[in-house]
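Colleague: Here you go, this is data-v2.cif (mmCIF, C-alpha atoms).
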```
data_data
loop_
_atom_site.label_atom_id
_atom_site.label_comp_id
_atom_site.auth_asym_id
_atom_site.auth_seq_id
_atom_site.Cartn_x
_atom_site.Cartn_y
_atom_site.Cartn_z
CA MET A 13 5.48 1.28 17.19
CA SER A 14 2.81 1.82 14.57
CA PHE A 15 3.06 5.61 14.27
CA GLY A 16 5.65 5.38 11.49
CA PHE A 17 2.92 4.04 9.23
CA PHE A 18 1.28 7.48 9.42
CA GLY A 19 4.24 8.87 7.49
CA ILE A 20 4.63 5.87 5.22
CA GLN A 21 1.04 6.28 4.09
CA PHE A 22 1.76 9.92 3.24
CA GLY A 23 4.15 8.55 0.64
CA PHE A 24 1.77 5.90 -0.68
CA ALA A 25 -1.29 8.17 -0.66
CA LEU A 26 0.46 10.93 -2.57
CA GLN A 27 1.76 8.34 -5.01
CA ASN A 28 -1.60 6.61 -5.48
CA ALA A 29 -3.67 9.77 -5.89
CA ASN A 30 -1.27 11.83 -8.00
CA THR A 31 1.08 9.63 -10.02
CA SER A 32 -1.33 9.13 -12.95
CA ARG A 33 -2.04 12.87 -12.84
CA ILE A 34 1.70 13.63 -12.99
CA PHE A 35 2.27 11.15 -15.81
CA SER A 36 -0.67 12.56 -17.80
CA THR A 37 0.50 16.14 -17.28
CA LEU A 38 3.95 15.17 -18.57
CA GLY A 39 2.48 13.68 -21.74
CA ALA A 40 1.53 10.05 -21.03
CA ASN A 41 -1.62 8.94 -22.82
CA GLN A 42 -4.23 6.75 -21.16
CA ASP A 43 -3.00 3.62 -22.96
CA ASP A 44 0.48 4.02 -21.45
CA LEU A 45 -0.51 4.81 -17.86
CA ALA A 46 -0.50 1.22 -16.64
CA LEU A 47 2.91 0.57 -18.23
CA CYS A 48 4.36 3.69 -16.61
CA TRP A 49 3.10 2.43 -13.25
CA LEU A 50 5.02 -0.85 -13.63
CA ALA A 51 7.96 0.73 -11.83
CA ALA A 52 6.15 0.46 -8.51
CA PRO A 53 5.27 -3.26 -8.42
CA VAL A 54 8.50 -4.40 -10.09
CA THR A 55 10.42 -2.55 -7.39
CA GLY A 56 8.36 -4.24 -4.69
CA LEU A 57 8.96 -7.64 -6.29
CA LEU A 58 12.72 -7.14 -5.96
CA VAL A 59 12.92 -5.27 -2.68
CA GLN A 60 10.37 -6.82 -0.32
CA PRO A 61 11.67 -10.39 0.12
CA ILE A 62 15.28 -9.20 0.24
CA ILE A 63 14.54 -6.62 2.94
CA GLY A 64 12.46 -9.16 4.86
CA TYR A 65 15.30 -11.70 4.72
CA LEU A 66 17.93 -9.16 5.73
CA SER A 67 15.87 -7.84 8.64
CA ASP A 68 15.39 -11.40 9.95
CA ASN A 69 19.17 -11.77 10.03
CA THR A 70 19.98 -8.36 11.50
CA TRP A 71 20.65 -7.47 15.11
CA HIS A 72 22.36 -4.41 16.60
CA PRO A 73 22.41 -3.53 20.32
CA PHE A 74 21.11 0.00 19.63
CA TRP A 75 19.26 -0.21 16.30
CA GLY A 76 17.68 -3.62 16.83
CA ARG A 77 16.42 -5.78 13.97
CA ARG A 78 13.80 -3.88 11.96
CA ARG A 79 14.54 -0.24 12.86
CA PRO A 80 17.71 0.16 10.72
CA PHE A 81 15.53 -0.42 7.66
CA PHE A 82 12.90 2.05 8.88
CA PHE A 83 15.66 4.66 9.21
CA ILE A 84 17.35 4.15 5.83
CA GLY A 85 14.09 3.83 3.93
CA ALA A 86 12.67 7.01 5.46
CA ILE A 87 15.62 9.12 4.35
CA LEU A 88 15.57 7.81 0.78
CA ALA A 89 11.78 8.02 0.48
CA SER A 90 11.72 11.62 1.67
CA ILE A 91 14.31 12.58 -0.95
CA ALA A 92 12.23 10.88 -3.65
CA LEU A 93 9.07 12.69 -2.53
CA PHE A 94 10.88 16.01 -2.98
CA LEU A 95 12.15 14.99 -6.43
CA MET A 96 8.92 13.56 -7.89
CA PRO A 97 6.95 16.81 -8.51
CA ASN A 98 10.04 18.45 -10.00
CA SER A 99 10.18 15.95 -12.86
CA SER A 100 10.19 17.84 -16.16
CA MET A 101 9.89 14.82 -18.46
CA LEU A 102 7.89 11.60 -18.31
CA TRP A 103 10.96 9.34 -18.12
CA MET A 104 12.21 11.33 -15.12
CA ALA A 105 8.91 10.82 -13.27
CA VAL A 106 8.99 7.08 -14.00
CA ALA A 107 12.60 6.86 -12.75
CA VAL A 108 11.76 8.71 -9.53
CA LEU A 109 8.77 6.41 -9.03
CA TRP A 110 11.23 3.48 -9.04
CA MET A 111 13.32 5.19 -6.38
CA MET A 112 10.34 6.29 -4.30
CA ASP A 113 8.61 2.93 -4.28
CA ALA A 114 11.84 1.07 -3.46
CA ALA A 115 12.56 3.40 -0.55
CA ILE A 116 9.01 3.24 0.82
CA ASN A 117 9.18 -0.56 0.69
CA VAL A 118 12.47 -0.57 2.61
CA SER A 119 10.68 1.25 5.42
CA MET A 120 7.31 -0.45 5.15
CA GLU A 121 8.17 -4.13 4.76
CA PRO A 122 9.78 -4.61 8.21
CA PHE A 123 6.86 -2.80 9.89
CA ARG A 124 4.61 -5.82 9.26
CA ALA A 125 7.13 -8.15 10.87
CA PHE A 126 7.65 -5.61 13.69
CA VAL A 127 4.09 -6.20 14.92
CA GLY A 128 4.51 -9.96 14.61
CA ASP A 129 7.76 -9.76 16.60
CA LYS A 130 6.44 -7.68 19.48
CA LEU A 131 2.87 -8.86 20.03
CA ASP A 132 1.34 -12.03 21.40
CA PRO A 133 -0.89 -13.85 18.86
CA SER A 134 -3.98 -12.75 20.79
CA GLN A 135 -2.96 -9.11 20.20
CA GLN A 136 -1.86 -9.34 16.57
CA THR A 137 -5.23 -8.56 14.97
CA ALA A 138 -5.41 -5.47 17.18
CA GLY A 139 -1.82 -4.58 16.32
CA PHE A 140 -2.41 -4.72 12.59
CA ALA A 141 -5.64 -2.79 13.10
CA MET A 142 -3.68 -0.05 14.84
CA GLN A 143 -1.39 0.11 11.83
CA THR A 144 -4.49 0.40 9.66
CA PHE A 145 -5.71 3.30 11.80
CA PHE A 146 -2.49 5.26 11.25
CA ILE A 147 -2.48 4.32 7.55
CA GLY A 148 -6.02 5.69 7.28
CA CYS A 149 -5.16 8.93 9.07
CA GLY A 150 -2.08 9.50 6.93
CA GLY A 151 -4.02 8.70 3.77
CA VAL A 152 -6.77 11.20 4.57
CA ILE A 153 -4.45 14.14 5.14
CA ALA A 154 -2.09 13.35 2.25
CA SER A 155 -4.94 12.86 -0.23
CA LEU A 156 -6.51 16.19 0.73
CA LEU A 157 -3.30 18.22 0.41
CA PRO A 158 -3.70 19.35 -3.24
CA THR A 159 -7.27 20.51 -2.54
CA PHE A 160 -6.11 22.24 0.66
CA PHE A 161 -3.40 24.14 -1.15
CA ALA A 162 -5.76 25.10 -4.00
CA ASP A 163 -8.93 26.01 -2.09
CA ILE A 164 -7.57 27.22 1.26
CA MET A 165 -4.09 28.54 0.47
CA GLY A 166 -4.89 29.87 -3.02
CA VAL A 167 -2.03 27.99 -4.71
CA SER A 168 -2.25 27.54 -8.50
CA ASN A 169 -3.71 24.21 -9.60
CA VAL A 170 -3.03 24.72 -13.32
CA PRO A 171 0.06 23.33 -15.10
CA VAL A 172 2.19 26.10 -16.62
CA ASN A 173 4.18 25.17 -19.73
CA GLY A 174 3.52 21.49 -19.06
CA ALA A 175 4.99 21.57 -15.53
CA ILE A 176 3.43 19.90 -12.50
CA PRO A 177 0.91 22.23 -10.77
CA ASP A 178 2.16 23.99 -7.62
CA THR A 179 -0.57 22.33 -5.55
CA VAL A 180 0.95 18.91 -6.29
CA ARG A 181 4.53 20.10 -5.75
CA TYR A 182 3.80 21.59 -2.32
CA SER A 183 1.87 18.46 -1.32
CA PHE A 184 4.86 16.26 -2.06
CA TYR A 185 7.22 18.57 -0.15
CA PHE A 186 4.97 18.46 2.90
CA GLY A 187 4.59 14.69 2.55
CA GLY A 188 8.34 14.17 2.42
CA ALA A 189 8.81 16.02 5.70
CA VAL A 190 5.97 14.14 7.43
CA PHE A 191 7.28 10.78 6.19
CA LEU A 192 10.72 11.42 7.66
CA LEU A 193 9.51 12.75 11.02
CA SER A 194 6.89 10.05 11.59
CA VAL A 195 9.17 7.12 10.87
CA MET A 196 11.94 8.64 12.97
CA TRP A 197 9.48 8.82 15.87
CA THR A 198 9.05 5.06 15.74
CA VAL A 199 12.78 4.48 15.20
CA PHE A 200 13.82 6.40 18.30
CA SER A 201 10.85 5.84 20.63
CA SER A 202 10.37 2.07 20.30
CA GLN A 203 12.55 -0.80 21.41
CA GLU A 204 13.14 -4.33 20.16
CA ALA A 205 13.91 -7.41 22.22
CA PRO A 206 17.05 -9.34 21.25
CA PRO A 207 16.78 -12.91 19.93
CA GLU A 208 15.88 -15.35 22.70
CA ASN A 209 19.04 -17.39 22.11
CA MET A 210 21.76 -15.08 20.85
CA ALA A 211 24.26 -17.91 20.35
CA VAL A 212 21.88 -19.79 18.04
CA PHE A 213 21.00 -16.55 16.23
CA GLU A 214 24.67 -15.71 15.63
CA ALA A 215 25.33 -19.24 14.40
CA GLU A 216 22.43 -19.02 11.95
CA ARG A 217 23.53 -15.58 10.83
CA ALA A 218 27.08 -16.82 10.25
CA LYS A 219 25.73 -19.55 7.95
CA SER A 220 23.67 -16.96 6.09
CA LYS A 221 26.59 -14.83 4.93
CA GLY A 222 27.15 -14.49 1.21
CA LEU A 223 24.90 -13.47 -1.65
CA GLY A 224 24.59 -17.02 -2.99
CA HIS A 225 23.31 -18.39 0.32
CA ALA A 226 20.90 -15.49 0.68
CA LEU A 227 19.44 -16.07 -2.79
CA ARG A 228 19.08 -19.81 -2.14
CA GLU A 229 17.27 -19.06 1.12
CA ILE A 230 14.98 -16.50 -0.47
CA LEU A 231 14.05 -18.67 -3.46
CA GLY A 232 13.91 -21.89 -1.43
CA GLY A 233 11.29 -20.49 0.89
CA PHE A 234 8.69 -20.37 -1.88
CA GLY A 235 8.43 -24.13 -1.81
CA LYS A 236 7.92 -24.13 1.95
CA MET A 237 5.10 -21.60 2.21
CA PRO A 238 2.44 -22.51 4.78
CA LYS A 239 -0.85 -23.68 3.26
CA THR A 240 -2.67 -20.67 4.69
CA MET A 241 -0.25 -18.38 2.89
CA VAL A 242 -0.88 -20.11 -0.46
CA GLN A 243 -4.65 -19.78 0.01
CA LEU A 244 -4.35 -16.11 0.94
CA ALA A 245 -2.13 -15.52 -2.09
CA VAL A 246 -5.04 -16.27 -4.43
CA VAL A 247 -7.26 -13.83 -2.54
CA GLN A 248 -4.54 -11.18 -2.67
CA PHE A 249 -4.09 -11.63 -6.42
CA PHE A 250 -7.61 -10.55 -7.31
CA THR A 251 -7.76 -7.95 -4.52
CA TRP A 252 -4.74 -6.08 -5.79
CA ILE A 253 -5.81 -6.15 -9.43
CA ALA A 254 -8.81 -4.17 -8.22
CA LEU A 255 -6.77 -1.71 -6.18
CA PHE A 256 -4.22 -1.16 -8.95
CA ALA A 257 -7.01 -0.45 -11.43
CA MET A 258 -8.48 2.08 -9.00
CA TRP A 259 -5.20 3.89 -8.38
CA ILE A 260 -4.25 4.09 -12.05
CA TYR A 261 -7.57 4.94 -13.67
CA THR A 262 -9.74 6.85 -11.20
CA THR A 263 -8.45 10.28 -12.27
CA SER A 264 -9.02 9.55 -15.98
CA ALA A 265 -12.37 7.90 -15.21
CA ILE A 266 -13.71 10.85 -13.21
CA ALA A 267 -12.33 13.40 -15.68
CA ASP A 268 -14.14 11.63 -18.54
CA ASN A 269 -17.28 10.35 -16.79
CA VAL A 270 -18.02 13.45 -14.67
CA PHE A 271 -16.06 16.42 -16.04
CA GLY A 272 -16.29 15.44 -19.72
CA THR A 273 -12.60 15.84 -20.61
CA VAL A 274 -9.55 13.72 -21.36
CA ASP A 275 -7.19 16.70 -21.86
CA ALA A 276 -4.59 16.50 -19.08
CA GLN A 277 -3.57 20.13 -19.62
CA SER A 278 -7.08 21.45 -19.00
CA ALA A 279 -8.25 23.02 -15.75
CA ALA A 280 -11.14 20.55 -15.65
CA PHE A 281 -8.78 17.56 -15.70
CA GLN A 282 -6.68 19.03 -12.89
CA GLU A 283 -9.85 19.74 -10.91
CA ALA A 284 -10.80 16.09 -11.39
CA GLY A 285 -7.39 15.20 -9.96
CA ASN A 286 -8.08 17.24 -6.84
CA ARG A 287 -11.53 15.67 -6.46
CA VAL A 288 -10.01 12.20 -6.73
CA GLY A 289 -7.72 13.19 -3.88
CA VAL A 290 -10.79 13.97 -1.78
CA MET A 291 -12.39 10.66 -2.81
CA PHE A 292 -9.25 8.81 -1.72
CA ALA A 293 -9.26 10.77 1.54
CA VAL A 294 -12.79 9.48 2.19
CA TYR A 295 -11.77 5.86 1.83
CA GLY A 296 -8.69 6.49 3.97
CA GLY A 297 -10.78 8.10 6.70
CA VAL A 298 -13.34 5.31 6.66
CA SER A 299 -10.54 2.74 6.93
CA ALA A 300 -9.13 4.53 9.98
CA LEU A 301 -12.50 4.31 11.74
CA ALA A 302 -13.17 0.77 10.56
CA ALA A 303 -9.84 -0.33 12.02
CA PHE A 304 -11.42 -0.08 15.48
CA VAL A 305 -14.53 -2.00 14.47
CA LEU A 306 -13.18 -4.90 12.42
CA PRO A 307 -11.42 -6.69 15.31
CA VAL A 308 -14.71 -6.62 17.24
CA PHE A 309 -16.59 -8.21 14.33
CA ALA A 310 -13.74 -10.71 13.89
CA ARG A 311 -14.14 -11.73 17.53
CA MET A 312 -17.91 -12.11 17.11
CA THR A 313 -17.71 -14.04 13.81
CA SER A 314 -14.34 -14.87 12.24
CA ARG A 315 -11.54 -13.07 10.45
CA LYS A 316 -12.40 -14.94 7.24
CA PHE A 317 -16.04 -13.85 7.33
CA VAL A 318 -15.10 -10.22 8.03
CA HIS A 319 -12.59 -10.13 5.18
CA MET A 320 -15.00 -11.76 2.73
CA SER A 321 -17.79 -9.33 3.61
CA CYS A 322 -15.55 -6.26 3.37
CA LEU A 323 -14.15 -7.25 -0.03
CA ILE A 324 -17.61 -7.82 -1.48
CA VAL A 325 -18.79 -4.43 -0.19
CA GLY A 326 -15.70 -2.76 -1.66
CA GLY A 327 -16.09 -4.48 -5.02
CA LEU A 328 -19.73 -3.52 -5.40
CA SER A 329 -18.82 0.05 -4.47
CA LEU A 330 -16.19 0.23 -7.22
CA ILE A 331 -18.67 -1.14 -9.74
CA SER A 332 -21.20 1.55 -8.83
CA ILE A 333 -18.87 4.42 -9.83
CA PHE A 334 -19.71 4.10 -13.54
CA MET A 335 -23.36 4.92 -12.77
CA ILE A 336 -22.55 8.20 -10.98
CA HIS A 337 -22.12 11.43 -12.95
CA ASN A 338 -22.43 13.93 -10.11
CA ILE A 339 -19.15 14.53 -8.30
CA ASN A 340 -20.89 15.07 -4.96
CA TYR A 341 -22.24 11.51 -4.98
CA LEU A 342 -18.91 9.92 -5.84
CA TYR A 343 -17.84 10.03 -2.22
CA LEU A 344 -20.46 7.40 -1.30
CA PRO A 345 -18.75 4.46 -3.07
CA MET A 346 -15.53 5.43 -1.32
CA VAL A 347 -17.14 4.51 2.00
CA GLY A 348 -17.43 0.92 0.78
CA VAL A 349 -13.89 1.00 -0.63
CA GLY A 350 -12.65 2.29 2.74
CA ILE A 351 -14.27 -0.64 4.55
CA ALA A 352 -12.55 -3.04 2.14
CA TRP A 353 -9.22 -1.18 2.48
CA ALA A 354 -9.33 -1.48 6.29
CA SER A 355 -9.78 -5.23 6.02
CA ILE A 356 -7.12 -5.59 3.30
CA LEU A 357 -4.58 -3.93 5.58
CA THR A 358 -5.55 -5.94 8.65
CA MET A 359 -7.12 -9.37 8.20
CA PRO A 360 -4.75 -11.10 5.74
CA TYR A 361 -1.74 -10.17 7.87
CA ALA A 362 -3.43 -11.19 11.11
CA ILE A 363 -4.42 -14.55 9.59
CA LEU A 364 -0.94 -15.03 8.13
CA ALA A 365 1.03 -14.09 11.26
CA GLY A 366 -0.49 -17.02 13.15
CA ALA A 367 0.73 -19.45 10.48
CA LEU A 368 4.36 -18.27 10.26
CA PRO A 369 7.50 -19.36 12.16
CA ALA A 370 8.68 -16.50 14.39
CA ASN A 371 12.29 -16.60 13.13
CA ARG A 372 11.17 -16.20 9.48
CA MET A 373 8.45 -13.57 10.05
CA GLY A 374 10.17 -10.81 8.07
CA TYR A 375 11.07 -13.07 5.17
CA TYR A 376 7.61 -14.58 4.77
CA MET A 377 5.93 -11.19 5.09
CA GLY A 378 8.17 -10.10 2.20
CA VAL A 379 7.28 -13.17 0.16
CA PHE A 380 3.61 -12.59 0.90
CA ASN A 381 3.91 -9.19 -0.71
CA PHE A 382 4.90 -10.96 -3.94
CA PHE A 383 1.20 -11.69 -4.23
CA ILE A 384 0.53 -7.97 -4.04
CA VAL A 385 3.04 -6.93 -6.69
CA ILE A 386 2.58 -9.83 -9.15
CA PRO A 387 -1.07 -8.90 -9.88
CA GLN A 388 0.02 -5.29 -10.23
CA ILE A 389 2.64 -6.27 -12.79
CA ALA A 390 0.07 -8.32 -14.68
CA SER A 391 -2.30 -5.34 -14.54
CA GLY A 392 0.43 -3.03 -15.80
CA PHE A 393 0.85 -5.11 -18.93
CA LEU A 394 -2.82 -5.92 -19.52
CA LEU A 395 -5.09 -3.14 -18.24
CA GLY A 396 -4.08 -0.59 -20.84
CA TYR A 397 -4.71 -3.09 -23.65
CA ILE A 398 -8.02 -4.22 -22.15
CA THR A 399 -9.19 -0.63 -21.65
CA LYS A 400 -8.37 0.35 -25.22
CA HIS A 401 -9.52 -2.73 -27.11
CA PHE A 402 -12.31 -4.20 -24.98
CA LEU A 403 -13.69 -1.24 -23.01
CA ALA A 404 -13.67 1.37 -25.80
CA GLY A 405 -11.11 3.46 -23.94
CA HIS A 406 -13.47 4.22 -21.06
CA ALA A 407 -11.41 4.15 -17.88
CA VAL A 408 -14.54 4.02 -15.74
CA MET A 409 -15.23 0.54 -17.12
CA THR A 410 -11.78 -0.51 -15.95
CA LEU A 411 -12.93 0.41 -12.45
CA VAL A 412 -15.94 -1.87 -12.98
CA LEU A 413 -13.56 -4.70 -13.95
CA GLY A 414 -11.59 -4.01 -10.77
CA GLY A 415 -14.76 -4.18 -8.71
CA VAL A 416 -15.61 -7.59 -10.18
CA CYS A 417 -12.13 -8.84 -9.25
CA MET A 418 -12.58 -7.61 -5.67
CA VAL A 419 -15.93 -9.41 -5.32
CA LEU A 420 -14.28 -12.59 -6.61
CA ALA A 421 -11.48 -12.16 -4.06
CA GLY A 422 -14.09 -11.96 -1.33
CA LEU A 423 -15.68 -15.22 -2.40
CA LEU A 424 -12.27 -16.93 -2.56
CA THR A 425 -11.69 -16.00 1.09
CA LEU A 426 -14.04 -18.86 1.95
CA LEU A 427 -11.28 -21.28 0.88
CA VAL A 428 -8.73 -19.88 3.37
CA LYS A 429 -7.97 -21.85 6.53
CA ASP A 430 -7.32 -19.57 9.50
CA GLU A 431 -5.06 -21.78 11.63
CA ALA A 432 -4.91 -19.28 14.50
CA ALA A 433 -8.65 -18.62 14.56
CA PRO A 434 -9.18 -19.74 18.18
CA ALA A 435 -6.59 -17.24 19.40
CA ALA A 436 -8.32 -14.50 17.46
CA LYS A 437 -11.33 -14.86 19.71
CA ALA A 438 -9.32 -13.34 22.53
CA VAL A 439 -8.17 -10.34 20.53
CA ALA A 440 -7.87 -7.02 22.33
CA VAL A 441 -9.36 -3.82 20.99
CA PRO A 442 -6.94 -1.72 18.90
CA ALA A 443 -6.38 0.85 21.61
CA ALA A 444 -4.55 -1.83 23.63
CA ALA A 445 -1.86 -2.07 20.96
#
```
As structure tokens, how would this structure be written, given the file I've shared?
Modeller:
Amino acid sequence: MSFGFFGIQFGFALQNANTSRIFSTLGANQDDLALCWLAAPVTGLLVQPIIGYLSDNTWHPFWGRRRPFFFIGAILASIALFLMPNSSMLWMAVAVLWMMDAAINVSMEPFRAFVGDKLDPSQQTAGFAMQTFFIGCGGVIASLLPTFFADIMGVSNVPVNGAIPDTVRYSFYFGGAVFLLSVMWTVFSSQEAPPENMAVFEAERAKSKGLGHALREILGGFGKMPKTMVQLAVVQFFTWIALFAMWIYTTSAIADNVFGTVDAQSAAFQEAGNRVGVMFAVYGGVSALAAFVLPVFARMTSRKFVHMSCLIVGGLSLISIFMIHNINYLYLPMVGVGIAWASILTMPYAILAGALPANRMGYYMGVFNFFIVIPQIASGFLLGYITKHFLAGHAVMTLVLGGVCMVLAGLLTLLVKDEAAPAAKAVAVPAAA
């Protein structure tokens, strides 16, 4: 049931590692990068709670509750992955990013609720850890694809007449195919149990018909969020400012700080883009391995303590990047980022799942993702300005700012109340999921 995340992460990893590179190649300057990226979080803001709400109120004897959304999202996301590297103008790439991020969210959002639906609370930390494992594996392979095509297959890594390099185009084609096949594996190999009381479910669904009722339900739920969810929202806010800064500015930071160039048409800049892909593969690989370890530490200590520790390690690792000018040493901080990434994908959702009503799992998971996309939107409007006017245009210092935010997020984890903490002590190891 978690294998589909392998493909979903192909989409996200290719997007995270290459979108700034694509935008820069098509003419975006460093000041505009964050604004161009706004398409992704704004799409998530609109799509995630709606898809969560709809999946809660869906049931089909064959397709189940969550799997119809996996299916539709996978088809649309694969199309977008094929279109993205064929963009010939900046506005086209931004438009395709809207489509791609919306489609990936249609597939991804119900996956979180899928684990909550199917697993006992004592297994949920392990279930989310298994998702993290597949996310890590997908991220490693997808991030390495441009380097694989350049160094192993001999594909050109240089933009010709301002077009996207062939290494990036082929990577997106491969990623689109893997996304579709992986999600379809979960769609057709897993099953969902029907609602416990079908008559009550049908009655509730009948009351939910109509756009007006749906909007009232979606907006009304914000005032009813569990206390744990509100506390985690603050942690998520600072966490995702850090991640968004990393995804947007790492290519520019490494090109400037290590390769000594800001010219997106140069071979050195494109080489920096490939190296950033390898760096992101390192943190993805570390997260896949850490996914097996974190539940053990959570059982020995607590989920709060594990998440706090991982975020602090990740933040300090991001901060250290500005001191490194040798590309071969830049993989070391990614180990710390990978540890943080594993916890970010596991612990908040495991803590949250124990505080949510089962019949609103999909909706609240969607609302929770508001606190992922809102900081990204804020970053989109502010990071470019801050980088230009306060950090002298040095993108590497924006990574330092992100690291500080991640450390702060770790400290704020101390304020979170884990209501299901006793059940977490009985968590199974990920392989049991």
Colleague: So, counting all atoms listed in the file, which residue among A:Met111, A:Val318, A:Leu26, A:Val270 is closest to A:Phe191?
Modeller: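 Looking only at the distances to A:Phe191, the closest residue turns out to be A:Leu26.
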Colleague: For A:Tyr376, which of A:Ser329, A:Gln203, A:Ser67, A:Ser314 is the closest residue, counting all atoms listed in the file?
Modeller: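 Checking each candidate against A:Tyr376, we get A:Ser67 as the closest.
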Colleague: Name the residues that the PyMOL selection byres ((chain A and resi 54) around 9) picks from the file above, as an MDAnalysis selection string, using the file's chain letters and numbers.
Modeller: chainID A and resid 50:53 55:59 110 385:386 388:389
Colleague: Atom CA of A:Asp113 and atom CA of A:Thr425, how far apart in Å?
Modeller: 28.3 Å
Colleague: Can you tell me which residues surround A:Phe123 at a distance of at most 9 Å, considering only C-alpha atoms, apart from same-chain residues fewer than 4 positions away, and format the answer as a PDB file with C-alpha atoms, in the coordinates of the input?
Modeller:
```pdb
ATOM      1  CA  MET A  13       5.480   1.280  17.190  1.00  0.00           C
ATOM      2  CA  SER A  14       2.810   1.820  14.570  1.00  0.00           C
ATOM      3  CA  GLY A  16       5.650   5.380  11.490  1.00  0.00           C
ATOM      4  CA  PHE A  17       2.920   4.040   9.230  1.00  0.00           C
ATOM      5  CA  ARG A  78      13.800  -3.880  11.960  1.00  0.00           C
ATOM      6  CA  ARG A  79      14.540  -0.240  12.860  1.00  0.00           C
ATOM      7  CA  PHE A  82      12.900   2.050   8.880  1.00  0.00           C
ATOM      8  CA  SER A 119      10.680   1.250   5.420  1.00  0.00           C
ATOM      9  CA  VAL A 127       4.090  -6.200  14.920  1.00  0.00           C
ATOM     10  CA  GLY A 128       4.510  -9.960  14.610  1.00  0.00           C
ATOM     11  CA  GLN A 143      -1.390   0.110  11.830  1.00  0.00           C
ATOM     12  CA  GLY A 374      10.170 -10.810   8.070  1.00  0.00           C
TER      13      GLY A 374
END
```
Colleague: In Å to one decimal, how far is atom CA of A:Leu102 from atom CA of A:Gly85?
Modeller: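 Atom-to-atom, atom CA of A:Gly85 to atom CA of A:Leu102, that is 24.4 Å.
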Colleague: If the PyMOL selection byres ((chain A and resi 354) around 7) were run on this exact file, what residues would it hold? Put them as an MDAnalysis selection string.
Modeller: chainID A and resid 144 299 302:303 350:353 355:358
Colleague: Go ahead and dump the residues you just picked, C-alpha atoms, as a JSON list (two decimals), in the coordinates of the input.
Modeller:
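What ended up in again.json:
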```json
[["chain", "number", "residue", "atom", "x", "y", "z"],
["A", 144, "THR", "CA", -4.49, 0.40, 9.66],
["A", 299, "SER", "CA", -10.54, 2.74, 6.93],
["A", 302, "ALA", "CA", -13.17, 0.77, 10.56],
["A", 303, "ALA", "CA", -9.84, -0.33, 12.02],
["A", 350, "GLY", "CA", -12.65, 2.29, 2.74],
["A", 351, "ILE", "CA", -14.27, -0.64, 4.55],
["A", 352, "ALA", "CA", -12.55, -3.04, 2.14],
["A", 353, "TRP", "CA", -9.22, -1.18, 2.48],
["A", 355, "SER", "CA", -9.78, -5.23, 6.02],
["A", 356, "ILE", "CA", -7.12, -5.59, 3.30],
["A", 357, "LEU", "CA", -4.58, -3.93, 5.58],
["A", 358, "THR", "CA", -5.55, -5.94, 8.65]]
```
Colleague: Give me the box for stretch 387-406 of chain A as AutoDock Vina command-line options, namely the centre and edge lengths in Å to one decimal of a box along x, y and z that holds every listed atom plus 6 Å on each side.
Modeller:
```
--center_x -5.5 --center_y -2.3 --center_z -18.5 --size_x 28.3 --size_y 25.1 --size_z 29.2
```
Colleague: Using all atoms listed in the file, can you tell me which of A:Cys322, A:Ile91, A:Leu45, A:Val118 comes closest to A:Val305?
Modeller: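 Smallest distance to A:Val305 is found for A:Cys322.
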Colleague: For atom CA of A:Thr273 and atom CA of A:Pro345, quote the distance in Å rounded to one decimal.
Modeller: 21.8 Å
Colleague: On this file, the PyMOL selection byres ((chain A and resi 336-340) around 12) gives some set of residues; write that set as a count of residues only.
Modeller: 30
Colleague: When distances are computed from all atoms listed in the file, which of A:Ala25, A:Leu157, A:Met418, A:Val347 shows the smallest separation from A:Leu301?
Modeller: A:Val347
Colleague: Which of these residues is nearest to A:Ala107, using all atoms listed in the file: A:Val308, A:Ile398, A:Leu95, A:Ile384?
Modeller: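 Among A:Val308, A:Ile398, A:Leu95, A:Ile384, it is A:Leu95 that comes nearest to A:Ala107.
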Colleague: Have a look at A:Phe382, A:Phe74, A:Phe94, A:Phe35 and name the one nearest to A:Ala189; count all atoms listed in the file.
Modeller: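 Answer, going by the shortest atom-to-atom distance: A:Phe94.
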Colleague: Dump as a compact mmCIF listing (two decimals) with C-alpha atoms, in the frame of the given file all residues having an atom at most 7 Å from (11.1, 5.4, 13.3), computed in the file's coordinates with all atoms listed in the file.
Modeller:
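Listed below is the output, out-v2.txt:
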```txt
# COMPACT_ATOMS: atom_id res chain seq x y z
CA GLY A 16 5.65 5.38 11.49
CA ARG A 79 14.54 -0.24 12.86
CA PHE A 82 12.90 2.05 8.88
CA PHE A 83 15.66 4.66 9.21
CA SER A 194 6.89 10.05 11.59
CA VAL A 195 9.17 7.12 10.87
CA MET A 196 11.94 8.64 12.97
CA TRP A 197 9.48 8.82 15.87
CA THR A 198 9.05 5.06 15.74
CA VAL A 199 12.78 4.48 15.20
CA PHE A 200 13.82 6.40 18.30
```
Colleague: Compile the contact shell of stretch 409-412 of chain A as a count of residues only: residues with an atom at most 7 Å away, counting only C-alpha atoms, same-chain residues fewer than 2 positions apart removed.
Modeller: 12
Colleague: Near A:Pro369, within 12 Å and counting all atoms listed in the file, which residues show up once chain neighbours fewer than 6 positions away are dropped, as a compact mmCIF listing (two decimals) with C-alpha atoms, in the frame of the given file?
Modeller:
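Output file out-v2.txt follows:
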```txt
# COMPACT_ATOMS: atom_id res chain seq x y z
CA ASP A 68 15.39 -11.40 9.95
CA ALA A 125 7.13 -8.15 10.87
CA GLY A 128 4.51 -9.96 14.61
CA ASP A 129 7.76 -9.76 16.60
CA GLY A 233 11.29 -20.49 0.89
CA LYS A 236 7.92 -24.13 1.95
CA MET A 237 5.10 -21.60 2.21
CA PRO A 238 2.44 -22.51 4.78
CA TYR A 375 11.07 -13.07 5.17
CA TYR A 376 7.61 -14.58 4.77
CA MET A 377 5.93 -11.19 5.09
```
